[in-house]
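Here is the structure we will look at.
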Amino acid sequence: MLTQFKQSVEFIKSRTSVEPTIGIILGTGLGGLVKEINVIDEIPYQDIPNFPVSTVESHSGKLIFGELGGKKVVAMQGRFHYYEGYNMQQVTFPVRVMKLLGIQRLFVSNASGGVNPDFEVGEIMIQNDHINLFPAHPLIGKNFDELGPRFPDMSEPYDPEMIGLAQKIAAENNIKVSVGTYAGLTGPTLETPAEYKYVRVIGADAVGMSTVPEVIVARHMEIPCFAISIITDLGVPGKIHKVSLQDVIDVANRQEPKMTLIMRELIARI
């Protein structure tokens with residue numbers, strides 16, 4: 001795997017001169033942040049050796065290199081999910097590659113279902129913790145000591161300094177945000193009412209199908225992380241309705257400008 005990481009990095013460096021310090025992973029319906037980036041280079045995933053290819057129609061599948069908020073960035077326009085049939089090492093492969101490209105911080109967005117009864121559809125939730133409910137773990141197997149320790153600490157999966165600054169930015173711009181815990185499940189089905197209830201009982205505020213593996217791998221490499229969710233549907237008793245992918249995308253698109261503002265300003269100020 002280490003050889004594959006390095007092969008991918010060598011190829012990417014042959015296609016762009018950008019040396020990113022910020023990594024960004026964009027979730028379902030949340031690719032609009034790319035419009036804020038002064039794009040210098042784009043590399044389709046299928047061109048990169050060893051890289052998985054996104055199979056989800058709402059994920060376009062390319063690495064974007066450029067400048068945002070005065071910082072050099074690399075953005076994944078389209079991420080990989082466990083439910084696509086990839087193993088956890090493949091799902092998190094791009095995070096390893098971004099670290100070897102030089103990123104110092106990772107920003108992640110996702111669309112998720114809200115289980116906190118105080119949430120509304122369209123709620124913006126900054127993640128301060130997560131619960132890993134995936135059946136596989138991205139660090140199982142041989143540990144690469146060059147990248148991180150065998151038993152990484154996870155007492156601060158999301159960076160408190162960036163959380164506080166994001167809350168300040170939201171307040172300055174009259175954007176309502178919540179802070180909460182995200183539970184990661186495999187999908188691709190949305191949860192049943194009993195599953196929503198279970199996720200709430202064990203301490204989560206929202207549930208989704210991504211983010212947790214990427215953050216685990218980033219923290220293994222001591223990359224500070226910031227993650228933000230848009231609540232696109234509710235798993236709260238009495239508020240559960242049938243939801244389609246288009247419903248999720250529509251809500252994400254409506255709230256995306258607020259999320260984009262927070263992310264852009266946060267990147268500029270750190």
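If you're wondering about the labels, chains in the structure tokens are A, B, ... by order shown, residues count from 1 in each chain, ligands from 1 in order shown.
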Exercise. Enumerate as a ChimeraX atom specification all residues of segment 56-232 of chain A assigned to strand (DSSP E) by DSSP on the backbone, naming them with the chain letters and numbers the document uses.
Key: /A:62-68,71-77,105-114,124-132,178-184,206-208,225-232
Write to file, as a short mmCIF file (atom, residue, chain, number, x, y, z; two decimals), in the first residue's frame, the residues of the selection just made, with N, CA and C atoms.
data_model
loop_
_atom_site.label_atom_id
_atom_site.label_comp_id
_atom_site.auth_asym_id
_atom_site.auth_seq_id
_atom_site.Cartn_x
_atom_site.Cartn_y
_atom_site.Cartn_z
N LYS A 62 -13.05 13.95 -9.37
CA LYS A 62 -11.76 14.50 -9.77
C LYS A 62 -11.13 15.26 -8.61
N LEU A 63 -9.81 15.36 -8.68
CA LEU A 63 -9.06 16.18 -7.74
C LEU A 63 -8.92 17.58 -8.32
N ILE A 64 -9.23 18.57 -7.49
CA ILE A 64 -9.14 19.98 -7.90
C ILE A 64 -7.98 20.61 -7.13
N PHE A 65 -7.06 21.24 -7.83
CA PHE A 65 -5.94 21.93 -7.22
C PHE A 65 -6.06 23.43 -7.49
N GLY A 66 -5.87 24.24 -6.45
CA GLY A 66 -5.96 25.67 -6.66
C GLY A 66 -5.77 26.45 -5.37
N GLU A 67 -6.38 27.64 -5.32
CA GLU A 67 -6.26 28.52 -4.15
C GLU A 67 -7.64 28.87 -3.62
N LEU A 68 -7.76 28.88 -2.31
CA LEU A 68 -9.00 29.25 -1.64
C LEU A 68 -8.64 29.94 -0.33
N LYS A 71 -5.00 30.15 0.55
CA LYS A 71 -4.27 28.91 0.82
C LYS A 71 -4.27 28.02 -0.42
N LYS A 72 -3.21 27.26 -0.57
CA LYS A 72 -3.16 26.24 -1.62
C LYS A 72 -3.97 25.03 -1.15
N VAL A 73 -4.89 24.57 -1.99
CA VAL A 73 -5.79 23.49 -1.58
C VAL A 73 -5.84 22.38 -2.62
N VAL A 74 -6.20 21.19 -2.14
CA VAL A 74 -6.59 20.08 -3.01
C VAL A 74 -7.96 19.64 -2.54
N ALA A 75 -8.91 19.58 -3.47
CA ALA A 75 -10.29 19.22 -3.12
C ALA A 75 -10.70 17.97 -3.87
N MET A 76 -11.31 17.04 -3.13
CA MET A 76 -11.92 15.87 -3.75
C MET A 76 -13.34 16.24 -4.15
N GLN A 77 -13.58 16.35 -5.44
CA GLN A 77 -14.95 16.60 -5.92
C GLN A 77 -15.57 15.23 -6.19
N ARG A 105 -4.15 20.29 7.16
CA ARG A 105 -5.49 20.25 7.75
C ARG A 105 -6.45 19.63 6.75
N LEU A 106 -7.49 18.97 7.30
CA LEU A 106 -8.49 18.33 6.44
C LEU A 106 -9.87 18.89 6.76
N PHE A 107 -10.61 19.29 5.71
CA PHE A 107 -11.97 19.79 5.83
C PHE A 107 -12.91 18.83 5.12
N VAL A 108 -13.99 18.44 5.80
CA VAL A 108 -14.90 17.44 5.26
C VAL A 108 -16.34 17.94 5.35
N SER A 109 -17.13 17.69 4.31
CA SER A 109 -18.55 18.01 4.37
C SER A 109 -19.35 16.76 4.05
N ASN A 110 -20.58 16.72 4.56
CA ASN A 110 -21.46 15.60 4.25
C ASN A 110 -22.92 16.02 4.39
N ALA A 111 -23.79 15.24 3.76
CA ALA A 111 -25.23 15.34 3.97
C ALA A 111 -25.62 14.20 4.90
N SER A 112 -26.45 14.48 5.89
CA SER A 112 -26.76 13.46 6.88
C SER A 112 -28.21 13.55 7.35
N GLY A 113 -28.64 12.50 8.03
CA GLY A 113 -29.98 12.48 8.61
C GLY A 113 -29.92 12.91 10.06
N GLY A 114 -30.81 13.78 10.47
CA GLY A 114 -30.81 14.28 11.84
C GLY A 114 -31.64 13.39 12.76
N ILE A 124 -27.52 23.09 9.90
CA ILE A 124 -26.08 22.95 9.67
C ILE A 124 -25.43 22.54 10.98
N MET A 125 -24.79 21.38 10.98
CA MET A 125 -24.19 20.84 12.20
C MET A 125 -22.68 20.70 12.05
N ILE A 126 -21.95 21.36 12.92
CA ILE A 126 -20.50 21.19 12.99
C ILE A 126 -20.21 19.97 13.86
N GLN A 127 -19.42 19.06 13.37
CA GLN A 127 -19.14 17.84 14.11
C GLN A 127 -18.07 18.06 15.17
N ASN A 128 -18.37 17.62 16.39
CA ASN A 128 -17.35 17.67 17.44
C ASN A 128 -16.97 16.28 17.93
N ASP A 129 -17.63 15.25 17.38
CA ASP A 129 -17.31 13.87 17.75
C ASP A 129 -17.99 12.95 16.75
N HIS A 130 -17.62 11.68 16.79
CA HIS A 130 -18.32 10.71 15.96
C HIS A 130 -18.38 9.34 16.65
N ILE A 131 -19.28 8.50 16.14
CA ILE A 131 -19.41 7.12 16.58
C ILE A 131 -19.22 6.24 15.35
N ASN A 132 -18.24 5.35 15.42
CA ASN A 132 -17.92 4.50 14.28
C ASN A 132 -18.75 3.22 14.34
N SER A 178 -25.42 24.25 14.67
CA SER A 178 -25.42 23.41 15.85
C SER A 178 -24.10 22.66 15.90
N VAL A 179 -23.79 22.09 17.04
CA VAL A 179 -22.60 21.27 17.20
C VAL A 179 -23.06 19.91 17.72
N GLY A 180 -22.55 18.83 17.13
CA GLY A 180 -23.02 17.53 17.58
C GLY A 180 -22.19 16.37 17.10
N THR A 181 -22.67 15.19 17.44
CA THR A 181 -21.98 13.92 17.16
C THR A 181 -22.59 13.25 15.94
N TYR A 182 -21.73 12.74 15.08
CA TYR A 182 -22.13 12.09 13.83
C TYR A 182 -21.88 10.60 13.95
N ALA A 183 -22.87 9.78 13.62
CA ALA A 183 -22.69 8.33 13.60
C ALA A 183 -22.51 7.87 12.16
N GLY A 184 -21.50 7.05 11.92
CA GLY A 184 -21.22 6.55 10.58
C GLY A 184 -21.70 5.12 10.40
N ALA A 206 -26.69 13.02 14.45
CA ALA A 206 -26.90 12.86 13.02
C ALA A 206 -26.26 11.54 12.58
N VAL A 207 -26.70 11.04 11.44
CA VAL A 207 -26.19 9.77 10.94
C VAL A 207 -25.96 9.87 9.44
N GLY A 208 -24.86 9.28 8.98
CA GLY A 208 -24.53 9.30 7.57
C GLY A 208 -23.67 8.13 7.18
N CYS A 225 -8.71 17.95 11.92
CA CYS A 225 -9.88 17.80 11.05
C CYS A 225 -11.01 18.74 11.46
N PHE A 226 -11.74 19.18 10.43
CA PHE A 226 -12.98 19.94 10.62
C PHE A 226 -14.02 19.32 9.72
N ALA A 227 -15.21 19.02 10.29
CA ALA A 227 -16.28 18.41 9.48
C ALA A 227 -17.59 19.13 9.74
N ILE A 228 -18.37 19.25 8.69
CA ILE A 228 -19.65 19.96 8.78
C ILE A 228 -20.70 19.17 8.01
N SER A 229 -21.89 19.04 8.62
CA SER A 229 -22.99 18.28 8.03
C SER A 229 -24.16 19.21 7.72
N ILE A 230 -24.83 18.92 6.62
CA ILE A 230 -26.13 19.53 6.37
C ILE A 230 -27.19 18.45 6.59
N ILE A 231 -28.12 18.73 7.48
CA ILE A 231 -29.17 17.77 7.82
C ILE A 231 -30.23 17.82 6.72
N THR A 232 -30.27 16.78 5.90
CA THR A 232 -31.14 16.79 4.73
C THR A 232 -32.47 16.07 4.95
#
Quiz prompt | Close residues, Lys197 of chain A itself excluded, 9 Å, only C-alpha atoms, min 5 positions apart in chain, as number ranges by chain | solution = A: 115, 192, 202, 235-237
Residue selection dump (N, CA and C atoms) as a short mmCIF file (atom, residue, chain, number, x, y, z; two decimals), in the first residue's frame:
data_model
loop_
_atom_site.label_atom_id
_atom_site.label_comp_id
_atom_site.auth_asym_id
_atom_site.auth_seq_id
_atom_site.Cartn_x
_atom_site.Cartn_y
_atom_site.Cartn_z
N VAL A 115 -31.09 13.04 13.91
CA VAL A 115 -31.83 12.28 14.91
C VAL A 115 -32.05 13.08 16.19
N THR A 192 -34.00 2.63 9.20
CA THR A 192 -35.37 2.37 9.61
C THR A 192 -35.68 3.22 10.84
N ILE A 202 -27.72 5.94 21.51
CA ILE A 202 -26.29 5.76 21.82
C ILE A 202 -25.50 7.07 21.78
N GLY A 235 -34.70 11.74 11.17
CA GLY A 235 -35.01 10.42 11.69
C GLY A 235 -35.58 10.55 13.09
N VAL A 236 -36.48 11.47 13.26
CA VAL A 236 -37.10 11.76 14.56
C VAL A 236 -38.53 11.23 14.53
N PRO A 237 -38.97 10.48 15.57
CA PRO A 237 -40.34 9.97 15.58
C PRO A 237 -41.36 11.05 15.27
#
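Nearest residue to Gly148 of chain A, choosing from A:Ile223, A:Leu261, A:Ala268, A:Ile40 and counting only C-alpha atoms: A:Ile223.
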Practice problem: Give the answer as one residue: which of A:Gly102, A:Gly78, A:Gly32, A:Pro117 has the shortest atom-to-atom distance to Val53 of chain A, using only C-alpha atoms? | Solution: A:Gly78
Exercise. Enumerate as a ChimeraX atom specification all residues of segment 157-267 of chain A assigned to helix (DSSP H, G or I) by DSSP on the backbone, naming them with the chain letters and numbers the document uses.
Key: /A:160-172,193-201,212-220,245-267
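Distance-wise, atom CA of Asp145 of chain A and atom CA of Ile270 of chain A end up 28.5 Å apart.
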Quiz item: For Gly61 of chain A, which of A:Lys35, A:Thr28, A:Pro138, A:Leu234 is the closest residue, counting only C-alpha atoms?
Solution: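 Looking only at the distances to Gly61 of chain A, the closest residue turns out to be A:Thr28.
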Exercise. Between A:Pro94, A:Gly164, A:Pro152, A:Pro135, single out the one closest to Tyr45 of chain A, counting only C-alpha atoms.
Key: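 With only C-alpha atoms as the atom set, the closest residue is A:Pro94.
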